[in-house]
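Data from coords-v7.txt: compact mmCIF, C-alpha atoms
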```txt
# COMPACT_ATOMS: atom_id res chain seq x y z
CA MET P 1 129.73 146.42 103.26
CA THR P 2 127.02 143.88 102.56
CA VAL P 3 125.50 141.41 104.97
CA ARG P 4 123.21 138.55 104.11
CA PHE P 5 121.46 135.90 106.14
CA GLY P 6 123.26 132.63 105.44
CA TYR P 7 122.68 130.07 108.19
CA THR P 8 120.48 129.04 111.03
CA ILE P 9 122.54 126.71 113.19
CA LEU P 10 120.91 124.59 115.86
CA TYR P 11 123.13 123.20 118.61
CA VAL P 12 121.92 119.65 119.15
CA PRO P 13 122.88 116.70 121.36
CA ASP P 14 123.47 114.34 118.42
CA VAL P 15 124.07 115.70 114.92
CA ARG P 16 123.68 112.39 113.09
CA ALA P 17 120.45 111.52 114.90
CA THR P 18 119.10 114.99 114.12
CA ILE P 19 119.90 114.62 110.41
CA ALA P 20 118.15 111.25 110.35
CA PHE P 21 115.13 112.75 112.05
CA TYR P 22 114.88 115.76 109.74
CA GLU P 23 115.16 113.46 106.73
CA ALA P 24 112.48 111.08 107.98
CA ALA P 25 110.13 113.64 109.49
CA PHE P 26 110.40 116.54 107.05
CA GLY P 27 111.83 115.01 103.90
CA LEU P 28 114.92 117.22 103.93
CA THR P 29 118.26 115.82 102.81
CA ALA P 30 121.72 116.38 104.23
CA ARG P 31 124.27 117.96 101.94
CA PHE P 32 127.27 117.89 104.27
CA LEU P 33 128.37 116.05 107.39
CA HIS P 34 131.79 116.74 108.87
CA GLU P 35 133.83 113.66 109.71
CA SER P 36 133.79 114.68 113.38
CA ASN P 37 129.99 114.27 113.37
CA LEU P 38 129.87 117.67 115.06
CA TYR P 39 128.54 119.73 112.13
CA ALA P 40 126.14 119.15 109.28
CA GLU P 41 124.18 121.15 106.73
CA MET P 42 120.84 120.32 105.22
CA GLU P 43 119.96 121.00 101.59
CA THR P 44 117.78 124.04 102.16
CA GLY P 45 118.75 126.38 99.34
CA ALA P 46 120.39 129.74 99.77
CA THR P 47 119.75 129.93 103.51
CA THR P 48 121.26 126.94 105.21
CA LEU P 49 119.79 124.99 108.07
CA ALA P 50 122.75 123.50 109.92
CA PHE P 51 123.27 121.40 113.03
CA ALA P 52 126.24 121.68 115.38
CA GLY P 53 127.04 119.33 118.23
CA GLU P 54 126.61 120.82 121.68
CA GLU P 55 130.32 120.28 122.16
CA MET P 56 130.89 123.00 119.56
CA ALA P 57 129.40 125.59 121.89
CA GLU P 58 132.01 124.88 124.54
CA MET P 59 134.78 124.64 121.94
CA ASN P 60 133.83 128.10 120.66
CA GLY P 61 133.72 129.59 124.14
CA LEU P 62 129.95 129.94 123.98
CA ALA P 63 127.38 128.91 126.52
CA ILE P 64 123.88 127.90 125.53
CA ARG P 65 120.72 126.57 127.05
CA PRO P 66 120.70 123.17 125.35
CA LEU P 67 117.68 121.86 123.50
CA ARG P 68 115.90 119.11 125.38
CA ALA P 69 112.53 117.58 124.63
CA GLY P 70 111.49 117.88 128.27
CA ASP P 71 112.26 121.59 128.52
CA LEU P 72 110.15 124.62 127.72
CA ALA P 73 110.48 125.32 124.00
CA GLN P 74 113.04 127.98 123.16
CA ALA P 75 112.03 131.35 121.75
CA VAL P 76 112.81 130.44 118.17
CA GLU P 77 111.30 128.20 115.51
CA ILE P 78 112.28 126.70 112.20
CA ALA P 79 109.59 127.35 109.59
CA LEU P 80 109.36 124.91 106.69
CA ILE P 81 107.17 125.83 103.74
CA CYS P 82 105.19 122.83 102.50
CA ASP P 83 103.03 122.13 99.45
CA ASP P 84 100.61 120.30 101.73
CA PRO P 85 101.07 121.27 105.39
CA GLN P 86 98.61 118.65 106.65
CA SER P 87 100.43 115.76 104.90
CA SER P 88 103.78 117.10 106.06
CA TRP P 89 102.50 117.43 109.63
CA ASP P 90 101.11 113.86 109.54
CA ARG P 91 104.39 112.54 108.22
CA ALA P 92 106.41 114.38 110.87
CA VAL P 93 104.24 113.09 113.70
CA ALA P 94 104.39 109.55 112.28
CA ALA P 95 108.19 109.86 112.29
CA GLY P 96 108.26 110.78 115.97
CA ALA P 97 107.79 114.55 116.07
CA SER P 98 105.73 115.73 119.03
CA PRO P 99 102.49 117.31 117.87
CA LEU P 100 101.98 120.85 119.17
CA SER P 101 99.25 122.22 116.95
CA PRO P 102 97.70 120.63 113.86
CA PRO P 103 97.66 122.72 110.70
CA THR P 104 94.93 125.32 110.74
CA ALA P 105 93.98 128.22 108.52
CA LYS P 106 95.15 131.58 109.80
CA PRO P 107 93.19 134.80 109.25
CA TRP P 108 95.74 135.90 106.68
CA GLY P 109 95.06 132.76 104.62
CA GLN P 110 98.12 130.71 105.51
CA ILE P 111 97.94 127.11 106.80
CA VAL P 112 100.19 126.71 109.84
CA GLY P 113 100.93 123.75 112.12
CA TYR P 114 103.57 123.15 114.75
CA VAL P 115 105.56 120.17 116.02
CA ARG P 116 108.60 119.75 118.22
CA ASP P 117 111.55 117.84 116.81
CA LEU P 118 113.43 115.04 118.52
CA ASN P 119 115.42 117.54 120.59
CA GLY P 120 112.47 119.69 121.58
CA GLY P 121 113.10 122.32 118.91
CA MET P 122 109.96 124.00 117.58
CA VAL P 123 109.19 123.51 113.87
CA GLU P 124 106.45 125.26 111.96
CA LEU P 125 104.99 123.54 108.90
CA CYS P 126 103.21 126.11 106.78
CA SER P 127 101.90 126.91 103.37
CA ASP P 128 103.65 129.40 101.12
CA MET P 129 102.56 132.98 101.76
CA THR P 130 103.90 134.12 98.41
CA ALA P 131 101.35 131.82 96.74
CA ILE P 132 98.62 133.70 98.61
CA ALA P 133 100.02 137.10 97.76
CA MET E 1 143.80 117.16 134.52
CA THR E 2 144.61 120.28 132.55
CA GLN E 3 148.24 120.17 131.63
CA PRO E 4 149.85 123.44 132.37
CA GLN E 5 152.36 125.83 131.14
CA THR E 6 152.52 127.76 134.37
CA PRO E 7 153.06 131.28 135.53
CA TYR E 8 156.21 129.94 137.15
CA SER E 9 157.63 128.62 133.93
CA PRO E 10 155.86 129.61 130.73
CA HIS E 11 157.20 126.80 128.56
CA PRO E 12 158.70 124.16 130.81
CA SER E 13 157.91 121.22 128.63
CA ARG E 14 156.77 120.10 125.26
CA TYR E 15 153.13 119.26 125.91
CA THR E 16 151.41 117.92 122.83
CA GLU E 17 147.97 116.49 122.30
CA LEU E 18 148.16 113.89 119.54
CA SER E 19 145.97 114.62 116.55
CA GLY E 20 143.33 111.99 116.00
CA GLY E 21 143.67 110.79 119.56
CA ALA E 22 140.14 111.67 120.61
CA ASP E 23 137.67 108.81 120.49
CA PRO E 24 134.56 110.03 122.32
CA GLY E 25 132.60 106.81 121.83
CA ARG E 26 135.24 104.88 123.72
CA GLY E 27 135.77 107.47 126.40
CA ILE E 28 138.97 109.06 125.14
CA GLU E 29 139.00 112.85 125.16
CA ALA E 30 142.67 113.32 124.33
CA VAL E 31 145.99 111.50 124.21
CA TRP E 32 148.96 113.62 125.17
CA VAL E 33 152.70 113.52 125.76
CA SER E 34 154.96 115.88 127.64
CA VAL E 35 158.71 115.88 128.22
CA ALA E 36 160.29 118.42 130.56
CA ASP E 37 163.36 120.16 129.18
CA LYS E 38 164.18 121.91 132.43
CA ALA E 39 163.35 121.78 136.10
CA SER E 40 160.11 123.53 136.75
CA ALA E 41 156.85 123.51 138.64
CA HIS E 42 153.73 122.82 136.63
CA ARG E 43 150.46 124.24 137.80
CA VAL E 44 147.63 121.80 137.30
CA LEU E 45 144.19 123.36 137.12
CA PRO E 46 141.04 121.50 138.08
CA ASP E 47 139.01 120.50 135.04
CA GLY E 48 136.78 117.72 136.38
CA ARG E 49 138.66 115.12 134.31
CA CYS E 50 140.54 111.95 135.21
CA ASP E 51 143.72 110.94 133.41
CA ILE E 52 145.77 107.76 133.22
CA ILE E 53 149.40 108.89 133.07
CA LEU E 54 152.64 107.00 132.49
CA ARG E 55 155.63 108.77 134.06
CA PHE E 56 159.06 107.84 132.80
CA CYS E 57 162.63 109.03 132.35
CA ALA E 58 163.10 110.04 128.73
CA LYS E 59 166.89 110.11 129.06
CA VAL E 60 167.30 106.33 129.04
CA SER E 61 166.57 103.81 126.33
CA PRO E 62 164.81 101.48 126.46
CA ILE E 63 162.28 103.01 128.84
CA ASN E 64 162.45 100.65 131.78
CA SER E 65 161.04 102.45 134.76
CA ILE E 66 157.48 103.48 134.12
CA THR E 67 155.16 104.59 136.89
CA VAL E 68 151.44 104.63 136.31
CA VAL E 69 149.41 107.45 137.86
CA VAL E 70 145.64 107.76 137.89
CA THR E 71 144.54 111.29 138.63
CA GLY E 72 141.17 111.90 140.19
CA PRO E 73 138.86 114.86 139.70
CA THR E 74 140.26 117.87 141.52
CA THR E 75 138.54 120.94 142.87
CA ARG E 76 141.61 123.08 143.37
CA HIS E 77 144.93 123.69 141.66
CA TYR E 78 148.16 122.02 142.62
CA ASP E 79 151.75 122.09 141.43
CA VAL E 80 153.80 119.22 140.02
CA VAL E 81 157.57 119.56 140.23
CA VAL E 82 159.39 118.05 137.26
CA GLU E 83 163.05 117.45 136.50
CA PRO E 84 164.70 117.73 133.09
CA GLY E 85 164.10 114.59 131.05
CA MET E 86 161.03 113.57 132.99
CA GLY E 87 158.42 112.39 130.54
CA PHE E 88 154.71 111.82 130.70
CA ALA E 89 152.29 110.09 128.37
CA GLY E 90 148.66 110.47 129.29
CA ILE E 91 145.16 109.77 128.23
CA ARG E 92 142.40 112.12 129.33
CA LEU E 93 139.17 110.25 129.91
CA ARG E 94 135.87 111.67 128.80
CA PRO E 95 133.71 112.52 131.81
CA GLY E 96 131.47 109.60 132.67
CA PHE E 97 133.76 106.86 131.35
CA PHE E 98 136.10 106.47 134.33
CA HIS E 99 134.27 103.53 135.86
CA ALA E 100 133.74 101.78 132.53
CA ILE E 101 137.47 101.87 131.81
CA LEU E 102 139.03 101.35 135.24
CA GLY E 103 136.29 99.61 137.17
CA LEU E 104 136.66 102.24 139.89
CA SER E 105 134.37 104.99 141.03
CA PRO E 106 135.87 108.43 140.48
CA VAL E 107 134.29 109.44 143.78
CA VAL E 108 137.02 107.65 145.72
CA LEU E 109 139.69 109.65 143.89
CA ARG E 110 138.27 113.11 144.48
CA ASP E 111 141.15 115.52 145.01
CA GLY E 112 143.56 112.63 144.98
CA ASN E 113 145.76 110.44 142.80
CA LEU E 114 146.73 106.79 142.75
CA VAL E 115 150.44 106.37 142.09
CA GLY E 116 152.36 103.22 141.18
CA GLU E 117 151.51 100.22 143.33
CA ALA E 118 148.45 101.97 144.74
CA ALA E 119 147.04 102.37 141.23
CA ILE E 120 147.88 98.79 140.31
CA GLY E 121 146.38 97.55 143.56
CA ALA E 122 143.14 99.30 142.71
CA CYS E 123 143.17 98.20 139.08
CA PRO E 124 145.62 95.30 138.51
CA PRO E 125 145.58 95.46 134.67
CA LEU E 126 147.34 98.83 134.94
CA ALA E 127 150.53 96.85 135.65
CA ASP E 128 150.70 95.93 131.95
CA LEU E 129 151.17 99.60 131.11
CA CYS E 130 154.44 99.66 133.03
CA ALA E 131 156.27 97.05 130.96
CA GLU E 132 159.54 98.13 129.35
CA ALA E 133 159.10 100.20 126.19
CA THR E 134 161.53 100.64 123.32
CA SER E 135 160.64 104.29 122.94
CA PRO E 136 158.42 106.93 124.54
CA ASP E 137 156.54 106.89 121.26
CA ASP E 138 155.17 103.47 122.17
CA LEU E 139 153.38 104.71 125.26
CA PRO E 140 150.42 106.65 123.82
CA GLY E 141 149.44 103.64 121.74
CA ARG E 142 149.76 101.44 124.81
CA LEU E 143 147.35 103.68 126.72
CA VAL E 144 144.86 103.74 123.84
CA ALA E 145 145.00 99.93 123.54
CA PHE E 146 144.37 99.65 127.29
CA VAL E 147 141.25 101.80 127.05
CA HIS E 148 139.98 100.01 123.95
CA HIS E 149 140.50 96.64 125.60
CA HIS E 150 138.66 97.58 128.77
CA ILE E 151 135.78 99.24 126.93
CA ALA E 152 135.46 96.08 124.83
CA LEU E 153 135.38 93.93 127.97
CA GLY E 154 131.88 95.23 128.44
CA HIS E 155 132.03 97.25 131.64
CA ALA E 156 128.81 99.23 131.63
CA LEU E 157 129.18 102.29 129.42
CA PRO E 158 127.65 105.49 130.73
CA PRO E 159 123.91 105.62 129.98
CA ILE E 160 122.71 108.07 127.36
CA GLN E 161 120.95 110.02 130.11
CA THR E 162 124.26 110.50 131.93
CA LEU E 163 125.97 111.76 128.79
CA SER E 164 123.03 114.05 128.06
CA ILE E 165 123.25 115.60 131.54
CA LEU E 166 127.01 116.10 131.30
CA SER E 167 126.66 117.56 127.80
CA ALA E 168 124.05 120.03 129.06
CA LEU E 169 126.35 121.12 131.88
CA HIS E 170 129.23 121.65 129.46
CA ALA E 171 127.15 123.37 126.76
CA SER E 172 125.84 125.86 129.29
CA GLY E 173 129.29 126.62 130.66
CA GLY E 174 128.15 125.39 134.05
CA ARG E 175 125.32 127.95 134.14
CA LEU E 176 122.38 125.57 134.00
CA PRO E 177 120.90 125.01 137.48
CA VAL E 178 120.55 121.40 138.61
CA GLN E 179 116.81 121.98 138.97
CA ASP E 180 116.57 122.91 135.29
CA ILE E 181 118.53 119.83 134.23
CA ALA E 182 116.25 117.67 136.34
CA ARG E 183 113.20 119.21 134.68
CA MET E 184 114.69 118.68 131.22
CA GLN E 185 115.32 115.02 131.98
CA ASP E 186 112.09 114.52 133.92
CA ILE E 187 113.95 113.21 136.97
CA SER E 188 114.50 114.54 140.47
CA THR E 189 117.29 116.91 141.42
CA ARG E 190 118.55 114.27 143.79
CA THR E 191 118.86 111.84 140.88
CA VAL E 192 120.78 114.42 138.84
CA GLN E 193 123.13 114.93 141.78
CA ARG E 194 123.73 111.19 142.07
CA ILE E 195 124.28 110.73 138.34
CA VAL E 196 126.80 113.57 138.08
CA ARG E 197 128.63 112.52 141.25
CA ASP E 198 128.87 108.88 140.15
CA ALA E 199 130.01 109.85 136.64
CA THR E 200 132.56 112.53 137.49
CA GLY E 201 133.37 112.04 141.15
CA LEU E 202 132.16 115.56 141.91
CA PRO E 203 128.82 117.02 143.00
CA PRO E 204 127.12 118.87 140.13
CA LYS E 205 127.63 122.28 141.73
CA SER E 206 131.37 121.71 142.03
CA TYR E 207 131.56 120.36 138.51
CA ALA E 208 129.55 123.33 137.19
CA ARG E 209 131.76 125.84 139.00
CA ILE E 210 134.84 124.29 137.36
CA LEU E 211 133.22 124.56 133.92
CA GLN E 212 132.28 128.16 134.67
CA PHE E 213 135.87 128.90 135.76
CA HIS E 214 137.25 127.44 132.53
CA ARG E 215 134.84 129.46 130.44
CA ALA E 216 135.75 132.65 132.26
CA LEU E 217 139.42 131.93 131.57
CA ARG E 218 138.64 131.39 127.90
CA LEU E 219 136.62 134.61 127.67
CA LEU E 220 139.40 136.61 129.27
CA ARG E 221 142.32 135.03 127.47
CA ASP E 222 140.98 134.05 124.05
CA HIS E 223 138.07 136.42 123.57
CA HIS E 224 139.93 139.34 125.19
CA MET E 225 136.84 140.42 127.06
CA ARG E 226 137.05 142.99 129.79
CA PRO E 227 136.82 141.39 133.25
CA SER E 228 133.43 142.91 133.99
CA GLU E 229 132.06 141.64 130.66
CA ALA E 230 133.59 138.19 131.10
CA ALA E 231 132.15 137.90 134.60
CA SER E 232 128.68 138.72 133.33
CA GLU E 233 128.87 136.42 130.31
CA ALA E 234 130.26 133.54 132.41
CA GLY E 235 127.35 133.91 134.83
CA TYR E 236 129.08 135.32 137.89
CA ALA E 237 127.13 137.73 140.07
CA ASP E 238 129.83 140.33 139.53
CA GLN E 239 133.51 140.73 138.74
CA ALA E 240 134.50 140.14 142.36
CA HIS E 241 132.91 136.69 142.27
CA MET E 242 134.82 135.80 139.11
CA THR E 243 138.08 137.07 140.59
CA HIS E 244 137.43 134.95 143.66
CA ALA E 245 136.89 131.86 141.47
CA LEU E 246 140.03 132.52 139.43
CA ARG E 247 142.02 132.77 142.65
CA ASP E 248 140.44 129.71 144.27
CA PHE E 249 140.64 127.36 141.30
CA GLY E 250 143.85 128.53 139.70
CA ALA E 251 145.66 131.08 141.88
CA LEU E 252 145.06 133.41 138.95
CA SER E 253 143.70 136.91 138.47
CA PRO E 254 142.19 138.62 135.43
CA ALA E 255 145.47 140.46 134.99
CA ARG E 256 147.65 137.38 135.47
CA LEU E 257 146.41 134.42 133.47
CA ALA E 258 148.36 131.24 132.97
CA ASP E 259 149.20 129.91 129.53
CA VAL E 260 147.19 126.77 130.03
CA THR E 261 145.54 124.31 127.71
CA LEU E 262 141.80 124.64 128.24
CA VAL E 263 139.95 121.45 127.47
CA THR E 264 136.44 120.85 126.15
CA LEU E 265 134.29 117.82 125.45
CA GLY E 266 134.88 118.31 121.74
CA ASP E 267 138.70 118.29 121.78
```

Written as structure tokens, how would this file's structure read?
Amino acid sequence: MTVRFGYTILYVPDVRATIAFYEAAFGLTARFLHESNLYAEMETGATTLAFAGEEMAEMNGLAIRPLRAGDLAQAVEIALICDDPQSSWDRAVAAGASPLSPPTAKPWGQIVGYVRDLNGGMVELCSDMTAIA
Amino acid sequence: MTQPQTPYSPHPSRYTELSGGADPGRGIEAVWVSVADKASAHRVLPDGRCDIILRFCAKVSPINSITVVVTGPTTRHYDVVVEPGMGFAGIRLRPGFFHAILGLSPVVLRDGNLVGEAAIGACPPLADLCAEATSPDDLPGRLVAFVHHHIALGHALPPIQTLSILSALHASGGRLPVQDIARMQDISTRTVQRIVRDATGLPPKSYARILQFHRALRLLRDHHMRPSEAASEAGYADQAHMTHALRDFGALSPARLADVTLVTLGD
């Protein structure tokens, strides 16, 4: 039996608005949007970042604490590796992301900044640790 | 209104939700038809929804005696007695859209229905739905056209904030406290209470308890969870509280669940 990490799925209030935001703020592109507008995948390589409408939680018999910009950030973050974390952070904030922490150098040599997305989800913009190693 | 196949009569009618009927942007959650093939009692569970229903006799053609019924948001189950050949075509309205479509507040219909002349008196355009029809197949389209027409007339659609609050309640299975929703939206709890009541006809606590009840039913029936596990996952203090809710809302027990259609915002 093998198991591999395939998806991170964020339940969001508006899938199409979230795609538009992630494209404008982080330069990602969508690779799939279901005709229901309740599910989408971004082009993120082997591990997929996906968005599901909040309605999907109820449809699947799940219950979630929904993402909202006014709420305490949830105990999870999306980390995006950037060539230039400062430029990426500036672009995200210019596109409407809420600044949490500007990119700074960490003791282990990585540059790390944080923003919150349009739904209040926490996003880390960081340099590539493998380049340091 | 959750259409039932009841413990009294497991398959009393052919209840079908039409594929492609949902149109969330215009307030339509589902379009459905049901024709009874034998006398039976249908148990209707509370689901916080309002429906516009056309009741007719499917044995005659053309269909010339159509009664319009507007069901309000209910907080307890009730039974509908049907005779063979009695047909229904209905449209389930998305929570929050009742006023935009009918020009009425759902508050006035809490735990009640408007039938026939009473419905038409409250909303005169409903009379058009009762015109003779060649076939029962015409009626779902008639209901959809009615909703489209009234949405297009420009009655105020529910504000984004209202839809966001309702979506949060649904996504959390009714477990999100009103205080938390108020904090998320940066408004007062009193404002949340008013918004939910105006949109659904029910206070937020009642609406949340109905959502919680539906989720518990789904966990027991579809996820085959043990009652103690379902009670915990659905957010009840213990199994006894869940059993109490099942009895109050549906006259059900964990060991005796109805074969009902459970509805969600995404249907």

Using all atoms listed in the file and a cut-off of 7 Å, which residues of chain E sit close to chain P? Please list them as a VMD selection string. chain E and resid 167 to 168 170 to 173 183 to 186 215 218 to 219 264 to 266

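Picture a line from atom CA of E:Val70 to atom CA of E:Gln161; it runs 26.0 Å.
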
With distances taken over only C-alpha atoms, which of E:Arg175, E:Val147, E:Ala89, E:Ala208 is nearest to E:Ser232? E:Arg175

What is the distance, in Å and to one decimal place, between atom CA of E:Ala36 and atom CA of E:Pro84? 5.1 Å

Within 12 Å of file point (159.6, 119.1, 121.9), counting only C-alpha atoms, expressed as a PyMOL selection string: chain E and resi 11-17+33-38+58+85+87

For those residues, write C-alpha atoms to a file as a PDB file, in the frame of the given file.
```
ATOM      1  CA  HIS E  11     157.200 126.800 128.560  1.00  0.00           C
ATOM      2  CA  PRO E  12     158.700 124.160 130.810  1.00  0.00           C
ATOM      3  CA  SER E  13     157.910 121.220 128.630  1.00  0.00           C
ATOM      4  CA  ARG E  14     156.770 120.100 125.260  1.00  0.00           C
ATOM      5  CA  TYR E  15     153.130 119.260 125.910  1.00  0.00           C
ATOM      6  CA  THR E  16     151.410 117.920 122.830  1.00  0.00           C
ATOM      7  CA  GLU E  17     147.970 116.490 122.300  1.00  0.00           C
ATOM      8  CA  VAL E  33     152.700 113.520 125.760  1.00  0.00           C
ATOM      9  CA  SER E  34     154.960 115.880 127.640  1.00  0.00           C
ATOM     10  CA  VAL E  35     158.710 115.880 128.220  1.00  0.00           C
ATOM     11  CA  ALA E  36     160.290 118.420 130.560  1.00  0.00           C
ATOM     12  CA  ASP E  37     163.360 120.160 129.180  1.00  0.00           C
ATOM     13  CA  LYS E  38     164.180 121.910 132.430  1.00  0.00           C
ATOM     14  CA  ALA E  58     163.100 110.040 128.730  1.00  0.00           C
ATOM     15  CA  GLY E  85     164.100 114.590 131.050  1.00  0.00           C
ATOM     16  CA  GLY E  87     158.420 112.390 130.540  1.00  0.00           C
TER      17      GLY E  87
END
```

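The interatomic distance for the pair atom CA of E:Ile101 and atom CA of E:Leu143 works out to 11.3 Å.
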
With all atoms listed in the file as the counted atoms, please give the residues lying no more than 7 Å from stretch 91-96 of chain E, apart from itself and same-chain residues fewer than 2 positions off, as a PyMOL selection string. chain E and resi 24+27-32+49-53+98+143+158+199-200

Preceding selection exported with C-alpha atoms as a short mmCIF file (atom, residue, chain, number, x, y, z; two decimals), keeping the file's coordinate frame:
```cif
data_model
loop_
_atom_site.label_atom_id
_atom_site.label_comp_id
_atom_site.auth_asym_id
_atom_site.auth_seq_id
_atom_site.Cartn_x
_atom_site.Cartn_y
_atom_site.Cartn_z
CA PRO E 24 134.56 110.03 122.32
CA GLY E 27 135.77 107.47 126.40
CA ILE E 28 138.97 109.06 125.14
CA GLU E 29 139.00 112.85 125.16
CA ALA E 30 142.67 113.32 124.33
CA VAL E 31 145.99 111.50 124.21
CA TRP E 32 148.96 113.62 125.17
CA ARG E 49 138.66 115.12 134.31
CA CYS E 50 140.54 111.95 135.21
CA ASP E 51 143.72 110.94 133.41
CA ILE E 52 145.77 107.76 133.22
CA ILE E 53 149.40 108.89 133.07
CA PHE E 98 136.10 106.47 134.33
CA LEU E 143 147.35 103.68 126.72
CA PRO E 158 127.65 105.49 130.73
CA ALA E 199 130.01 109.85 136.64
CA THR E 200 132.56 112.53 137.49
#
```

Quick one: residues within 7 Å of P:Ser98, all atoms listed in the file counted, chain neighbours fewer than 6 positions away excluded, as a count of residues only? 3

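Every protein or nucleic acid residue with an atom no more than 12 Å from P:Arg16, counting only C-alpha atoms and leaving out same-chain residues fewer than 2 positions away, appears here: Val12, Pro13, Asp14, Thr18, Ile19, Ala20, Phe21, Tyr22, Glu23, Ala30, Phe32, Leu33, His34, Glu35, Ser36, Asn37, Leu38, Tyr39, Ala40, Glu41, Met42, Ala50, Phe51, Ala52, Gly53 and Leu118 of chain P.
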
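Using all atoms listed in the file for every distance, the candidate list E:Ala131, E:Leu211, E:Leu54, E:Val82 yields E:Leu211 as the residue closest to E:Leu169.
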
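Closest to E:His42 among E:Pro203, E:Gly250, E:Pro227, E:Gly20 is E:Gly250, based on only C-alpha atoms.
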
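When all atoms listed in the file are used to compute distances to E:Leu102, the closest of the residues E:Ala145, E:His150, E:Thr74, E:Cys57 turns out to be E:His150.
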
Residues at most 9 Å from P:Cys82, counting all atoms listed in the file, excluding those fewer than 4 positions away in the same chain, as a PyMOL selection string? chain P and resi 86-88+125-128

Please write stretch 74-92 of chain P of the preceding block to a file containing N, CA and C atoms, as a CSV table (one decimal), in the first residue's frame?
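Written out: result-v9.csv:
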```csv
chain,number,residue,atom,x,y,z
P,74,GLN,N,-6.8,30.5,10.7
P,74,GLN,CA,-6.8,29.1,11.1
P,74,GLN,C,-5.4,28.5,11.2
P,75,ALA,N,-5.3,27.4,11.8
P,75,ALA,CA,-4.0,26.8,12.2
P,75,ALA,C,-3.4,26.1,11.0
P,76,VAL,N,-3.4,26.7,9.9
P,76,VAL,CA,-2.8,26.1,8.7
P,76,VAL,C,-2.4,27.2,7.8
P,77,GLU,N,-1.3,27.0,7.0
P,77,GLU,CA,-0.9,28.0,6.0
P,77,GLU,C,-0.6,27.4,4.7
P,78,ILE,N,-0.7,28.1,3.6
P,78,ILE,CA,-0.2,27.7,2.3
P,78,ILE,C,1.1,28.4,2.1
P,79,ALA,N,2.2,27.6,1.8
P,79,ALA,CA,3.5,28.2,1.6
P,79,ALA,C,3.8,28.2,0.1
P,80,LEU,N,4.1,29.3,-0.4
P,80,LEU,CA,4.5,29.4,-1.8
P,80,LEU,C,6.0,29.8,-1.9
P,81,ILE,N,6.7,29.0,-2.6
P,81,ILE,CA,8.2,29.3,-2.8
P,81,ILE,C,8.3,30.3,-3.9
P,82,CYS,N,9.1,31.4,-3.7
P,82,CYS,CA,9.2,32.5,-4.6
P,82,CYS,C,10.7,32.7,-5.0
P,83,ASP,N,10.9,33.1,-6.2
P,83,ASP,CA,12.3,33.5,-6.6
P,83,ASP,C,12.7,34.8,-5.8
P,84,ASP,N,11.7,35.7,-5.6
P,84,ASP,CA,12.0,36.9,-5.0
P,84,ASP,C,10.8,37.2,-4.0
P,85,PRO,N,10.9,36.7,-2.8
P,85,PRO,CA,9.8,36.9,-1.8
P,85,PRO,C,9.3,38.3,-1.6
P,86,GLN,N,10.3,39.3,-1.6
P,86,GLN,CA,9.8,40.6,-1.4
P,86,GLN,C,8.9,41.1,-2.6
P,87,SER,N,9.4,40.9,-3.8
P,87,SER,CA,8.5,41.3,-5.0
P,87,SER,C,7.2,40.6,-4.9
P,88,SER,N,7.2,39.3,-4.6
P,88,SER,CA,5.9,38.5,-4.6
P,88,SER,C,5.0,39.1,-3.5
P,89,TRP,N,5.6,39.4,-2.3
P,89,TRP,CA,4.8,40.0,-1.2
P,89,TRP,C,4.2,41.3,-1.6
P,90,ASP,N,5.1,42.2,-2.3
P,90,ASP,CA,4.6,43.5,-2.7
P,90,ASP,C,3.4,43.3,-3.7
P,91,ARG,N,3.6,42.4,-4.6
P,91,ARG,CA,2.5,42.2,-5.6
P,91,ARG,C,1.2,41.7,-4.9
P,92,ALA,N,1.4,40.8,-4.0
P,92,ALA,CA,0.2,40.2,-3.3
P,92,ALA,C,-0.5,41.3,-2.6
```
